[in-house]
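A.B. asks: Input file: coords.cif. Contents: mmCIF, C-alpha atoms and all ligand atoms.
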data_protein
loop_
_atom_site.group_PDB
_atom_site.id
_atom_site.type_symbol
_atom_site.label_atom_id
_atom_site.label_comp_id
_atom_site.auth_asym_id
_atom_site.auth_seq_id
_atom_site.Cartn_x
_atom_site.Cartn_y
_atom_site.Cartn_z
ATOM 1 C CA MET J 1 15.645 15.641 -20.128
ATOM 2 C CA SER J 2 12.879 13.095 -19.958
ATOM 3 C CA ALA J 3 12.549 10.782 -16.947
ATOM 4 C CA ASN J 4 12.586 7.010 -17.113
ATOM 5 C CA ILE J 5 9.107 5.725 -16.437
ATOM 6 C CA ILE J 6 8.956 3.119 -13.653
ATOM 7 C CA ASP J 7 6.566 0.490 -14.972
ATOM 8 C CA GLY J 8 4.534 -0.596 -11.939
ATOM 9 C CA LYS J 9 2.349 -2.820 -14.076
ATOM 10 C CA ALA J 10 5.276 -4.893 -15.336
ATOM 11 C CA ILE J 11 7.026 -5.025 -11.955
ATOM 12 C CA SER J 12 3.825 -6.045 -10.171
ATOM 13 C CA ALA J 13 3.189 -8.727 -12.803
ATOM 14 C CA ALA J 14 6.650 -10.154 -12.093
ATOM 15 C CA VAL J 15 5.947 -10.225 -8.326
ATOM 16 C CA LYS J 16 2.618 -11.984 -8.895
ATOM 17 C CA GLU J 17 4.290 -14.539 -11.175
ATOM 18 C CA GLN J 18 6.862 -15.210 -8.458
ATOM 19 C CA VAL J 19 4.079 -15.728 -5.910
ATOM 20 C CA ARG J 20 2.181 -18.000 -8.311
ATOM 21 C CA ASP J 21 5.288 -20.087 -9.023
ATOM 22 C CA GLU J 22 6.131 -20.346 -5.325
ATOM 23 C CA ILE J 23 2.633 -21.563 -4.462
ATOM 24 C CA ALA J 24 2.733 -24.142 -7.262
ATOM 25 C CA ARG J 25 6.296 -25.288 -6.510
ATOM 26 C CA ASP J 26 5.706 -25.779 -2.772
ATOM 27 C CA LYS J 27 2.130 -27.048 -3.248
ATOM 28 C CA LEU J 28 0.816 -24.480 -0.781
ATOM 29 C CA THR J 29 -2.844 -24.022 0.015
ATOM 30 C CA VAL J 30 -3.417 -20.322 0.568
ATOM 31 C CA GLY J 31 -6.644 -18.442 1.308
ATOM 32 C CA LEU J 32 -7.449 -14.743 1.627
ATOM 33 C CA ALA J 33 -10.698 -13.393 3.093
ATOM 34 C CA VAL J 34 -11.722 -9.980 1.809
ATOM 35 C CA VAL J 35 -14.400 -8.158 3.774
ATOM 36 C CA ILE J 36 -16.220 -5.217 2.213
ATOM 37 C CA VAL J 37 -18.942 -3.285 4.020
ATOM 38 C CA GLY J 38 -21.333 -1.046 2.065
ATOM 39 C CA ASP J 39 -21.199 -0.117 -1.597
ATOM 40 C CA ASP J 40 -18.404 2.418 -2.032
ATOM 41 C CA PRO J 41 -17.580 2.154 -5.776
ATOM 42 C CA ALA J 42 -13.811 2.713 -5.322
ATOM 43 C CA SER J 43 -13.675 -0.023 -2.642
ATOM 44 C CA ARG J 44 -15.557 -2.366 -4.973
ATOM 45 C CA VAL J 45 -12.954 -1.802 -7.715
ATOM 46 C CA TYR J 46 -10.092 -2.474 -5.273
ATOM 47 C CA VAL J 47 -11.748 -5.648 -3.960
ATOM 48 C CA ASN J 48 -12.386 -6.931 -7.491
ATOM 49 C CA ASN J 49 -8.748 -6.306 -8.428
ATOM 50 C CA LYS J 50 -7.565 -8.143 -5.318
ATOM 51 C CA LYS J 51 -9.794 -11.119 -6.159
ATOM 52 C CA LYS J 52 -8.449 -11.166 -9.715
ATOM 53 C CA ALA J 53 -4.870 -11.173 -8.434
ATOM 54 C CA CYS J 54 -5.707 -14.063 -6.061
ATOM 55 C CA GLU J 55 -7.086 -16.052 -8.963
ATOM 56 C CA PHE J 56 -3.925 -15.435 -10.993
ATOM 57 C CA CYS J 57 -1.643 -16.485 -8.134
ATOM 58 C CA GLY J 58 -3.617 -19.585 -7.127
ATOM 59 C CA ILE J 59 -4.825 -18.080 -3.851
ATOM 60 C CA LYS J 60 -8.372 -18.947 -2.885
ATOM 61 C CA SER J 61 -10.316 -15.757 -2.158
ATOM 62 C CA TYR J 62 -13.357 -15.627 0.093
ATOM 63 C CA GLU J 63 -15.442 -12.503 -0.290
ATOM 64 C CA TYR J 64 -17.707 -11.246 2.492
ATOM 65 C CA ALA J 65 -19.816 -8.386 1.119
ATOM 66 C CA LEU J 66 -21.818 -6.977 4.010
ATOM 67 C CA PRO J 67 -24.571 -4.363 3.878
ATOM 68 C CA ALA J 68 -23.773 -0.758 4.900
ATOM 69 C CA GLU J 69 -25.936 -1.115 8.019
ATOM 70 C CA THR J 70 -23.811 -3.973 9.443
ATOM 71 C CA THR J 71 -23.234 -3.428 13.165
ATOM 72 C CA GLN J 72 -19.884 -3.352 14.932
ATOM 73 C CA GLU J 73 -20.799 -6.580 16.763
ATOM 74 C CA GLU J 74 -21.632 -8.383 13.526
ATOM 75 C CA LEU J 75 -18.382 -7.304 11.918
ATOM 76 C CA LEU J 76 -16.294 -8.306 14.942
ATOM 77 C CA GLU J 77 -18.073 -11.652 15.006
ATOM 78 C CA LEU J 78 -17.131 -12.242 11.362
ATOM 79 C CA VAL J 79 -13.494 -11.333 12.112
ATOM 80 C CA ASP J 80 -13.525 -13.842 15.008
ATOM 81 C CA THR J 81 -14.881 -16.539 12.698
ATOM 82 C CA LEU J 82 -12.206 -15.802 10.073
ATOM 83 C CA ASN J 83 -9.468 -15.745 12.731
ATOM 84 C CA ALA J 84 -10.493 -19.305 13.664
ATOM 85 C CA ASP J 85 -10.909 -20.565 10.075
ATOM 86 C CA LYS J 86 -7.957 -22.717 9.030
ATOM 87 C CA ASN J 87 -8.657 -22.143 5.332
ATOM 88 C CA VAL J 88 -8.195 -18.414 5.766
ATOM 89 C CA ASN J 89 -4.554 -17.330 6.002
ATOM 90 C CA GLY J 90 -5.048 -13.623 5.458
ATOM 91 C CA ILE J 91 -7.864 -11.258 6.423
ATOM 92 C CA LEU J 92 -8.328 -7.954 4.697
ATOM 93 C CA VAL J 93 -11.030 -5.523 5.739
ATOM 94 C CA GLN J 94 -11.391 -2.981 2.944
ATOM 95 C CA LEU J 95 -11.185 0.579 4.292
ATOM 96 C CA PRO J 96 -12.795 3.034 4.698
ATOM 97 C CA LEU J 97 -15.638 1.465 6.680
ATOM 98 C CA PRO J 98 -18.995 3.247 6.976
ATOM 99 C CA LYS J 99 -18.821 6.043 9.577
ATOM 100 C CA HIS J 100 -20.744 4.218 12.347
ATOM 101 C CA LEU J 101 -18.101 1.457 12.503
ATOM 102 C CA ASP J 102 -14.907 1.689 14.559
ATOM 103 C CA GLU J 103 -12.078 0.866 12.108
ATOM 104 C CA LYS J 104 -9.400 0.743 14.771
ATOM 105 C CA ALA J 105 -11.308 -1.798 16.879
ATOM 106 C CA VAL J 106 -11.917 -3.971 13.813
ATOM 107 C CA ILE J 107 -8.248 -3.952 12.797
ATOM 108 C CA GLU J 108 -7.142 -4.753 16.340
ATOM 109 C CA ARG J 109 -9.475 -7.763 16.348
ATOM 110 C CA ILE J 110 -7.713 -9.380 13.353
ATOM 111 C CA SER J 111 -5.177 -11.975 14.429
ATOM 112 C CA PRO J 112 -1.733 -10.349 13.852
ATOM 113 C CA ASN J 113 -0.653 -13.513 11.982
ATOM 114 C CA LYS J 114 -3.483 -12.992 9.483
ATOM 115 C CA ASP J 115 -3.121 -9.204 9.243
ATOM 116 C CA VAL J 116 -1.837 -9.120 5.661
ATOM 117 C CA ASP J 117 -2.332 -5.332 5.445
ATOM 118 C CA ALA J 118 0.063 -4.959 8.432
ATOM 119 C CA PHE J 119 -2.214 -2.383 10.065
ATOM 120 C CA HIS J 120 -2.525 -4.133 13.464
ATOM 121 C CA GLU J 121 -0.707 -2.280 16.264
ATOM 122 C CA SER J 122 1.588 -5.203 16.955
ATOM 123 C CA ASN J 123 2.654 -5.396 13.295
ATOM 124 C CA VAL J 124 3.147 -1.616 13.165
ATOM 125 C CA GLY J 125 5.351 -1.863 16.265
ATOM 126 C CA ARG J 126 7.366 -4.677 14.733
ATOM 127 C CA ILE J 127 8.010 -2.576 11.619
ATOM 128 C CA MET J 128 9.300 0.216 13.855
ATOM 129 C CA ILE J 129 11.993 -2.047 15.354
ATOM 130 C CA GLY J 130 12.746 -3.826 12.069
ATOM 131 C CA ASN J 131 11.525 -7.267 13.224
ATOM 132 C CA TYR J 132 8.545 -7.889 10.990
ATOM 133 C CA SER J 133 6.769 -10.625 9.064
ATOM 134 C CA PHE J 134 4.578 -8.336 6.979
ATOM 135 C CA LEU J 135 5.186 -4.914 5.541
ATOM 136 C CA PRO J 136 2.243 -2.664 4.699
ATOM 137 C CA CYS J 137 1.492 -3.263 1.031
ATOM 138 C CA THR J 138 1.727 0.254 -0.414
ATOM 139 C CA PRO J 139 5.053 1.299 1.172
ATOM 140 C CA ALA J 140 6.506 -2.153 0.449
ATOM 141 C CA GLY J 141 5.430 -1.747 -3.183
ATOM 142 C CA CYS J 142 7.079 1.695 -3.329
ATOM 143 C CA MET J 143 10.340 0.146 -2.087
ATOM 144 C CA GLU J 144 10.200 -2.449 -4.882
ATOM 145 C CA LEU J 145 9.715 0.343 -7.415
ATOM 146 C CA ILE J 146 12.676 2.259 -5.987
ATOM 147 C CA HIS J 147 14.818 -0.906 -6.090
ATOM 148 C CA SER J 148 13.887 -1.410 -9.736
ATOM 149 C CA THR J 149 15.659 1.848 -10.648
ATOM 150 C CA GLY J 150 19.001 0.580 -9.325
ATOM 151 C CA VAL J 151 19.311 3.770 -7.252
ATOM 152 C CA GLU J 152 20.637 2.844 -3.812
ATOM 153 C CA VAL J 153 18.721 4.285 -0.860
ATOM 154 C CA ALA J 154 21.657 4.224 1.576
ATOM 155 C CA GLY J 155 22.953 7.704 2.306
ATOM 156 C CA LYS J 156 20.437 9.419 0.017
ATOM 157 C CA GLU J 157 18.170 12.318 0.923
ATOM 158 C CA CYS J 158 14.655 10.867 1.004
ATOM 159 C CA VAL J 159 11.603 13.085 1.420
ATOM 160 C CA VAL J 160 8.134 11.667 2.093
ATOM 161 C CA ILE J 161 5.185 14.055 1.751
ATOM 162 C CA GLY J 162 2.371 12.803 3.992
ATOM 163 C CA ARG J 163 2.405 11.210 7.435
ATOM 164 C CA SER J 164 -0.577 8.858 7.452
ATOM 165 C CA ASN J 165 -0.344 5.602 9.389
ATOM 166 C CA ILE J 166 -0.891 3.516 6.275
ATOM 167 C CA VAL J 167 1.451 5.249 3.826
ATOM 168 C CA GLY J 168 3.615 8.173 4.959
ATOM 169 C CA LYS J 169 4.887 6.929 8.332
ATOM 170 C CA PRO J 170 5.675 3.315 7.349
ATOM 171 C CA MET J 171 7.225 4.572 4.078
ATOM 172 C CA ALA J 172 9.600 6.753 6.079
ATOM 173 C CA MET J 173 10.457 3.777 8.281
ATOM 174 C CA LEU J 174 11.278 1.494 5.332
ATOM 175 C CA LEU J 175 13.546 4.148 3.795
ATOM 176 C CA LEU J 176 15.239 4.521 7.162
ATOM 177 C CA HIS J 177 15.741 0.734 7.417
ATOM 178 C CA GLU J 178 17.681 1.018 4.153
ATOM 179 C CA ASN J 179 19.809 3.825 5.581
ATOM 180 C CA GLY J 180 18.218 6.748 3.772
ATOM 181 C CA THR J 181 18.345 10.174 5.398
ATOM 182 C CA VAL J 182 14.623 10.672 5.768
ATOM 183 C CA THR J 183 12.488 13.802 6.123
ATOM 184 C CA VAL J 184 8.726 13.527 6.575
ATOM 185 C CA CYS J 185 6.682 16.521 5.410
ATOM 186 C CA HIS J 186 3.044 17.279 6.163
ATOM 187 C CA SER J 187 0.448 20.008 6.034
ATOM 188 C CA LYS J 188 2.317 22.122 8.612
ATOM 189 C CA THR J 189 5.744 21.904 6.940
ATOM 190 C CA HIS J 190 7.358 25.265 6.152
ATOM 191 C CA ASP J 191 9.058 25.814 2.777
ATOM 192 C CA LEU J 192 7.824 22.493 1.427
ATOM 193 C CA ALA J 193 9.214 23.117 -2.072
ATOM 194 C CA GLU J 194 12.671 23.763 -0.689
ATOM 195 C CA VAL J 195 12.623 20.602 1.450
ATOM 196 C CA CYS J 196 11.401 18.531 -1.498
ATOM 197 C CA ARG J 197 14.127 19.919 -3.780
ATOM 198 C CA ARG J 198 16.720 18.303 -1.497
ATOM 199 C CA ALA J 199 15.324 14.852 -2.242
ATOM 200 C CA ASP J 200 17.183 12.246 -4.262
ATOM 201 C CA ILE J 201 14.108 10.083 -3.621
ATOM 202 C CA LEU J 202 10.763 11.879 -3.317
ATOM 203 C CA VAL J 203 7.588 10.041 -2.303
ATOM 204 C CA ALA J 204 4.277 11.891 -2.580
ATOM 205 C CA ALA J 205 1.349 10.549 -0.495
ATOM 206 C CA VAL J 206 -0.842 13.604 -0.072
ATOM 207 C CA GLY J 207 -4.102 12.911 -1.878
ATOM 208 C CA ARG J 208 -4.137 16.184 -3.862
ATOM 209 C CA PRO J 209 -4.040 16.188 -7.667
ATOM 210 C CA ASN J 210 -0.961 17.780 -9.280
ATOM 211 C CA PHE J 211 0.414 18.862 -5.897
ATOM 212 C CA VAL J 212 4.081 18.218 -6.706
ATOM 213 C CA THR J 213 5.312 20.574 -9.420
ATOM 214 C CA ALA J 214 8.601 20.666 -11.334
ATOM 215 C CA ASP J 215 10.085 23.405 -9.134
ATOM 216 C CA MET J 216 9.837 21.015 -6.134
ATOM 217 C CA VAL J 217 11.967 18.315 -7.751
ATOM 218 C CA LYS J 218 15.740 17.922 -7.868
ATOM 219 C CA PRO J 219 17.015 17.127 -11.378
ATOM 220 C CA GLY J 220 17.512 13.366 -11.711
ATOM 221 C CA ALA J 221 15.491 12.458 -8.587
ATOM 222 C CA VAL J 222 13.427 9.280 -8.213
ATOM 223 C CA VAL J 223 9.795 10.393 -7.850
ATOM 224 C CA ILE J 224 7.233 7.934 -6.488
ATOM 225 C CA ASP J 225 3.610 9.060 -6.775
ATOM 226 C CA VAL J 226 1.314 7.264 -4.322
ATOM 227 C CA GLY J 227 -1.686 9.547 -4.829
ATOM 228 C CA ILE J 228 -4.881 8.283 -6.413
ATOM 229 C CA ASN J 229 -7.205 11.184 -7.131
ATOM 230 C CA ARG J 230 -10.309 11.138 -9.259
ATOM 231 C CA LEU J 231 -10.837 14.279 -11.314
ATOM 232 C CA ASP J 232 -14.243 15.743 -12.198
ATOM 233 C CA ASN J 233 -13.911 14.257 -15.698
ATOM 234 C CA GLY J 234 -13.672 10.790 -14.119
ATOM 235 C CA LYS J 235 -9.964 10.367 -14.912
ATOM 236 C CA LEU J 236 -7.466 9.191 -12.304
ATOM 237 C CA CYS J 237 -4.428 11.272 -11.512
ATOM 238 C CA GLY J 238 -1.658 11.213 -8.954
ATOM 239 C CA ASP J 239 -0.235 13.819 -6.595
ATOM 240 C CA VAL J 240 2.555 14.662 -9.052
ATOM 241 C CA LYS J 241 2.137 16.931 -12.067
ATOM 242 C CA PHE J 242 3.435 14.234 -14.352
ATOM 243 C CA ASP J 243 4.012 16.197 -17.566
ATOM 244 C CA GLU J 244 6.293 18.815 -16.067
ATOM 245 C CA VAL J 245 7.949 16.693 -13.345
ATOM 246 C CA SER J 246 8.921 14.030 -15.869
ATOM 247 C CA GLU J 247 11.023 16.719 -17.589
ATOM 248 C CA VAL J 248 13.099 17.149 -14.414
ATOM 249 C CA ALA J 249 13.099 13.808 -12.589
ATOM 250 C CA GLY J 250 15.397 10.907 -13.435
ATOM 251 C CA TRP J 251 12.714 8.293 -12.650
ATOM 252 C CA ILE J 252 8.985 8.651 -12.161
ATOM 253 C CA THR J 253 5.956 6.426 -11.552
ATOM 254 C CA PRO J 254 2.824 7.018 -13.639
ATOM 255 C CA VAL J 255 -0.747 7.056 -12.279
ATOM 256 C CA PRO J 256 -2.383 4.732 -13.076
ATOM 257 C CA GLY J 257 0.160 1.958 -13.604
ATOM 258 C CA GLY J 258 2.664 2.841 -10.866
ATOM 259 C CA VAL J 259 2.168 2.258 -7.154
ATOM 260 C CA GLY J 260 -1.451 0.998 -7.405
ATOM 261 C CA PRO J 261 -0.727 -2.422 -8.976
ATOM 262 C CA MET J 262 2.252 -2.890 -6.629
ATOM 263 C CA THR J 263 0.001 -2.603 -3.583
ATOM 264 C CA ILE J 264 -1.989 -5.603 -4.789
ATOM 265 C CA ALA J 265 1.101 -7.626 -5.696
ATOM 266 C CA MET J 266 2.550 -7.068 -2.209
ATOM 267 C CA LEU J 267 -0.749 -8.195 -0.703
ATOM 268 C CA MET J 268 -0.370 -11.483 -2.567
ATOM 269 C CA ARG J 269 3.152 -11.837 -1.220
ATOM 270 C CA ASN J 270 2.007 -11.116 2.349
ATOM 271 C CA THR J 271 -0.748 -13.706 2.060
ATOM 272 C CA VAL J 272 1.747 -16.431 1.146
ATOM 273 C CA THR J 273 3.975 -15.329 4.023
ATOM 274 C CA ALA J 274 0.944 -15.578 6.343
ATOM 275 C CA ALA J 275 0.225 -19.118 5.129
ATOM 276 C CA ARG J 276 3.830 -20.142 5.802
ATOM 277 C CA ILE J 277 3.791 -18.611 9.300
ATOM 278 C CA GLN J 278 0.570 -20.445 10.143
ATOM 279 C CA LYS J 279 1.907 -23.758 8.919
HETATM 280 P P1 LIG M 301 -4.211 10.888 4.269
HETATM 281 O O1 LIG M 301 -5.264 11.886 3.898
HETATM 282 O O2 LIG M 301 -4.402 10.020 5.454
HETATM 283 O O3 LIG M 301 -2.829 11.664 4.477
HETATM 284 C C1 LIG M 301 -2.443 12.718 3.644
HETATM 285 C C2 LIG M 301 -1.202 13.359 4.208
HETATM 286 O O4 LIG M 301 -0.865 14.459 3.382
HETATM 287 C C3 LIG M 301 -1.377 13.898 5.622
HETATM 288 O O5 LIG M 301 -0.382 13.332 6.459
HETATM 289 C C4 LIG M 301 -1.177 15.400 5.495
HETATM 290 O O6 LIG M 301 -0.397 15.957 6.552
HETATM 291 C C5 LIG M 301 -0.446 15.533 4.180
HETATM 292 N N1 LIG M 301 -0.805 16.797 3.556
HETATM 293 C C6 LIG M 301 -2.046 17.269 3.296
HETATM 294 N N2 LIG M 301 -1.963 18.500 2.759
HETATM 295 C C7 LIG M 301 -0.658 18.806 2.692
HETATM 296 C C8 LIG M 301 0.053 19.956 2.239
HETATM 297 N N3 LIG M 301 -0.571 21.027 1.768
HETATM 298 N N4 LIG M 301 1.396 19.919 2.312
HETATM 299 C C9 LIG M 301 2.055 18.855 2.777
HETATM 300 N N5 LIG M 301 1.417 17.734 3.222
HETATM 301 C C10 LIG M 301 0.084 17.721 3.173
HETATM 302 O O7 LIG M 301 -3.950 10.040 2.954
HETATM 303 P P2 LIG M 301 -3.256 8.598 2.728
HETATM 304 O O8 LIG M 301 -4.179 7.534 3.185
HETATM 305 O O9 LIG M 301 -1.858 8.620 3.222
HETATM 306 O O10 LIG M 301 -3.242 8.587 1.134
HETATM 307 C C11 LIG M 301 -2.551 9.549 0.369
HETATM 308 C C12 LIG M 301 -2.855 9.346 -1.090
HETATM 309 O O11 LIG M 301 -2.380 8.068 -1.481
HETATM 310 C C13 LIG M 301 -4.339 9.354 -1.451
HETATM 311 O O12 LIG M 301 -4.481 9.917 -2.736
HETATM 312 C C14 LIG M 301 -4.712 7.902 -1.489
HETATM 313 O O13 LIG M 301 -5.804 7.643 -2.345
HETATM 314 C C15 LIG M 301 -3.447 7.313 -2.037
HETATM 315 N N6 LIG M 301 -3.229 5.901 -1.707
HETATM 316 C C16 LIG M 301 -2.829 5.107 -2.726
HETATM 317 C C17 LIG M 301 -2.572 3.785 -2.490
HETATM 318 C C18 LIG M 301 -2.110 2.938 -3.642
HETATM 319 O O14 LIG M 301 -2.214 1.735 -3.603
HETATM 320 N N7 LIG M 301 -1.553 3.546 -4.689
HETATM 321 C C19 LIG M 301 -2.723 3.233 -1.229
HETATM 322 C C20 LIG M 301 -3.106 4.076 -0.181
HETATM 323 C C21 LIG M 301 -3.344 5.428 -0.444
#
What would the structure in this file look like if it were written as C-alpha cells?

C.D. replies:
Amino acid sequence: MSANIIDGKAISAAVKEQVRDEIARDKLTVGLAVVIVGDDPASRVYVNNKKKACEFCGIKSYEYALPAETTQEELLELVDTLNADKNVNGILVQLPLPKHLDEKAVIERISPNKDVDAFHESNVGRIMIGNYSFLPCTPAGCMELIHSTGVEVAGKECVVIGRSNIVGKPMAMLLLHENGTVTVCHSKTHDLAEVCRRADILVAAVGRPNFVTADMVKPGAVVIDVGINRLDNGKLCGDVKFDEVSEVAGWITPVPGGVGPMTIAMLMRNTVTAARIQK
C-alpha cells in the first residue's frame, strides 16, 4: 500500500489566497513586524519566506534586522515601540535569539493582541481553556492538514511525539479540543514504538532525522511530520522515515512541502485576526 501524500504546499497556498481575498474584500490595512536578531541562516530563510507570504497576501511587512550584539534593553524597547505602533498589527520575534538574550522576557513583553505566534503566556493559557483568538501557527497548520484528509479526529487515538511548548503541547491540546484521545510521548516514554502503533493520527515533533520507522506506524494512519532536520549533505528531512512509512500509513506529509508552508500560512491568518481584534 502506498500512502496518500498530504500536499502542504497546495493547502497553504489555498489558505494564503483566502487571506488575500479577505483583506481585499474588506479593504483591511494589515501590518506585520518581523524582528530578527543576529545572522542565523535558517532564521533568515524563515523571515524571507514570511515576508514573501505577506507580500502575496497584501500584508505590509516591517523588518527589523538587529545585530547579534543587541542588548536585552534595546530589544525590549523595540517591542514597546511596536506595541504602540498602530500600523503594526502583529509582532513576530524570530526564535532562537542569541544566547545572551532572555527569550521568555521578550515574548512576555509583546502585547497579547499582537502576539501572532501565540507564544505569550496569556495566549497559551487561553488555548488551554479553549477560549482563544490565536492558535500557534505550526500546530494550527497540522490541524488543517489533518482536516484535509477527511479523517475525523473525534474518538481517534492520537499520539504526539514531543512535548515542547511551541509544538508538542499545543498540538496535543488542539487534538483534545477536537475530542481525540491524546497521548503525548517524550524522551522518557517507555515502549515508544508500541505507543505509536496505537495511533490513528501520529504527529512527530522530535527534531531527529528518520526517527519514526515503519514498525512504529499503524496501517492506514495519518502521519504528520513536523520535523525539519538538515542532513550533512545539506538536504532537509523530517522526523519520519518517509520511504518506508509511506508504505504503511494511509496519509503522510512530506518534508519539505508539508507542515513548513502551513506554519507560514497560519501566521498570515493570525495577522489578519490581530488586525480585526485591534480595530
Ligand atoms: P524541541 O527540541 O523543543 O522538542 C523535541 C521534543 O522531542 C522534546 O519534547 C523531547 O522530549 C522529544 N524527544 C527527544 N528525543 C526523544 C526520543 N528519543 N523519544 C521520544 N521523544 C523524544 O523541538 P521543537 O521545537 O518541538 O521542534 C521539533 C521539530 O520540529 C524540530 O525538527 C523543529 O525544527 C521542527 N519544527 C518545525 C516547524 C515547522 O514549521 N515545520 C515549526 C517548529 C518546529

A.B. asks: So what does the PyMOL selection byres (((not hetatm)) within 7 of (chain M and resi 301)) actually pick up in this one, as a PDB file with C-alpha atoms, in the frame of the given file?

C.D. replies:
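Saved file result-v6.pdb follows:
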ATOM      1  CA  THR J 138       1.727   0.254  -0.414  1.00  0.00           C
ATOM      2  CA  ILE J 161       5.185  14.055   1.751  1.00  0.00           C
ATOM      3  CA  GLY J 162       2.371  12.803   3.992  1.00  0.00           C
ATOM      4  CA  ARG J 163       2.405  11.210   7.435  1.00  0.00           C
ATOM      5  CA  SER J 164      -0.577   8.858   7.452  1.00  0.00           C
ATOM      6  CA  ILE J 166      -0.891   3.516   6.275  1.00  0.00           C
ATOM      7  CA  VAL J 167       1.451   5.249   3.826  1.00  0.00           C
ATOM      8  CA  GLY J 168       3.615   8.173   4.959  1.00  0.00           C
ATOM      9  CA  CYS J 185       6.682  16.521   5.410  1.00  0.00           C
ATOM     10  CA  HIS J 186       3.044  17.279   6.163  1.00  0.00           C
ATOM     11  CA  SER J 187       0.448  20.008   6.034  1.00  0.00           C
ATOM     12  CA  LYS J 188       2.317  22.122   8.612  1.00  0.00           C
ATOM     13  CA  THR J 189       5.744  21.904   6.940  1.00  0.00           C
ATOM     14  CA  LEU J 192       7.824  22.493   1.427  1.00  0.00           C
ATOM     15  CA  ALA J 205       1.349  10.549  -0.495  1.00  0.00           C
ATOM     16  CA  VAL J 206      -0.842  13.604  -0.072  1.00  0.00           C
ATOM     17  CA  GLY J 207      -4.102  12.911  -1.878  1.00  0.00           C
ATOM     18  CA  ARG J 208      -4.137  16.184  -3.862  1.00  0.00           C
ATOM     19  CA  VAL J 226       1.314   7.264  -4.322  1.00  0.00           C
ATOM     20  CA  GLY J 227      -1.686   9.547  -4.829  1.00  0.00           C
ATOM     21  CA  ILE J 228      -4.881   8.283  -6.413  1.00  0.00           C
ATOM     22  CA  ASN J 229      -7.205  11.184  -7.131  1.00  0.00           C
ATOM     23  CA  GLY J 238      -1.658  11.213  -8.954  1.00  0.00           C
ATOM     24  CA  ASP J 239      -0.235  13.819  -6.595  1.00  0.00           C
ATOM     25  CA  VAL J 259       2.168   2.258  -7.154  1.00  0.00           C
ATOM     26  CA  GLY J 260      -1.451   0.998  -7.405  1.00  0.00           C
ATOM     27  CA  PRO J 261      -0.727  -2.422  -8.976  1.00  0.00           C
ATOM     28  CA  THR J 263       0.001  -2.603  -3.583  1.00  0.00           C
TER      29      THR J 263
END

A.B. asks: Nearest to Val153 (chain J): which of J:Glu108, J:Asp26, J:Asp200, J:Glu194 is it, counting only C-alpha atoms?

C.D. replies: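 Answer, going by the shortest atom-to-atom distance: J:Asp200.
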
A.B. asks: Identify which of the residues J:Val182, J:Leu174, J:Ala3, J:Val195 lies closest to Ala221 (chain J), counting all atoms listed in the file when measuring atom-to-atom distances.

C.D. replies: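 Of all the options, J:Ala3 lies closest to Ala221 (chain J).
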
A.B. asks: Any idea what the distance is between CA of Ala68 (chain J) and CA of Val37 (chain J)?

C.D. replies: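 Here the two named atoms are 5.5 Å from each other.
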
A.B. asks: Between J:Met262, J:Leu97, J:Leu82, J:Ile11, which one has atoms that come closest to Glu69 (chain J), using all atoms listed in the file?

C.D. replies: J:Leu97

A.B. asks: Could you list, as a PyMOL selection string, every residue within 9 Å of Asp115 (chain J), counting only C-alpha atoms and ignoring same-chain residues fewer than 5 positions away?

C.D. replies: chain J and resi 89-92+107+110+120+123+134+270-271+274

A.B. asks: What does the distance from CA of Asp191 (chain J) to CA of Ile5 (chain J) come to in Å, to one decimal?

C.D. replies: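 Here the two named atoms are 27.8 Å from each other.
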
A.B. asks: Give me the result of the PyMOL selection byres (((chain J and resi 213) around 9) and not hetatm) on this file, residue by residue, as an MDAnalysis selection string.

C.D. replies: chainID J and resid 193 210:212 214:217 240:242 244:245

A.B. asks: Would you save the residues of that selection, restricted to C-alpha atoms, as an mmCIF file, in the frame of the given file?

C.D. replies:
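The file below, part20.cif, is the result:
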data_model
loop_
_atom_site.group_PDB
_atom_site.id
_atom_site.type_symbol
_atom_site.label_atom_id
_atom_site.label_comp_id
_atom_site.auth_asym_id
_atom_site.auth_seq_id
_atom_site.Cartn_x
_atom_site.Cartn_y
_atom_site.Cartn_z
ATOM 1 C CA ALA J 193 9.214 23.117 -2.072
ATOM 2 C CA ASN J 210 -0.961 17.780 -9.280
ATOM 3 C CA PHE J 211 0.414 18.862 -5.897
ATOM 4 C CA VAL J 212 4.081 18.218 -6.706
ATOM 5 C CA ALA J 214 8.601 20.666 -11.334
ATOM 6 C CA ASP J 215 10.085 23.405 -9.134
ATOM 7 C CA MET J 216 9.837 21.015 -6.134
ATOM 8 C CA VAL J 217 11.967 18.315 -7.751
ATOM 9 C CA VAL J 240 2.555 14.662 -9.052
ATOM 10 C CA LYS J 241 2.137 16.931 -12.067
ATOM 11 C CA PHE J 242 3.435 14.234 -14.352
ATOM 12 C CA GLU J 244 6.293 18.815 -16.067
ATOM 13 C CA VAL J 245 7.949 16.693 -13.345
#

A.B. asks: In Å, with one decimal, what is the gap from CA of Gly258 (chain J) to CA of Asn165 (chain J)?

C.D. replies: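 Straight-line distance from CA of Gly258 (chain J) to CA of Asn165 (chain J) works out to 20.7 Å.
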
A.B. asks: The centre and edge lengths of an axis-aligned box containing all atoms of region 17-27 of chain J present in the file, extended by 8 Å on each side, are to be given in Å to one decimal, as JSON.

C.D. replies:
{"center_x": 4.5, "center_y": -20.8, "center_z": -7.0, "size_x": 20.7, "size_y": 28.5, "size_z": 24.4}

A.B. asks: Which residue is closest to Val184 (chain J)? Choose from J:Ala118, J:Ile36, J:Leu202, J:Val106 and count all atoms listed in the file.

C.D. replies: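 Closest to Val184 (chain J), using all atoms listed in the file: J:Leu202.
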
A.B. asks: Looking at only C-alpha atoms, which of J:Ile6, J:Leu28, J:Ala42, J:Leu78 is the one that sits closest to Val272 (chain J)?

C.D. replies: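 For Val272 (chain J), the nearest of the given residues is J:Leu28.
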
A.B. asks: Which residues are close to Arg269 (chain J), i.e. within 10 Å by all atoms listed in the file, leaving aside same-chain residues fewer than 2 positions away? Reply as a ChimeraX atom specification.

C.D. replies: /J:15-16,18-20,22,57,116,134-135,137,264-267,271-274

A.B. asks: J:Asn179, J:Pro209, J:Lys52, J:Glu17: which is nearest Asp232 (chain J), counting only C-alpha atoms?

C.D. replies: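 Ranking J:Asn179, J:Pro209, J:Lys52, J:Glu17 by distance to Asp232 (chain J), first place goes to J:Pro209.
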
A.B. asks: Using the chain letters and numbers from the file, give me the residues hit by the PyMOL selection byres (((chain J and resi 154-157) around 12) and not hetatm), as a PyMOL selection string.

C.D. replies: chain J and resi 146-147+150-153+158-160+172+174-184+195-203+218+221-222
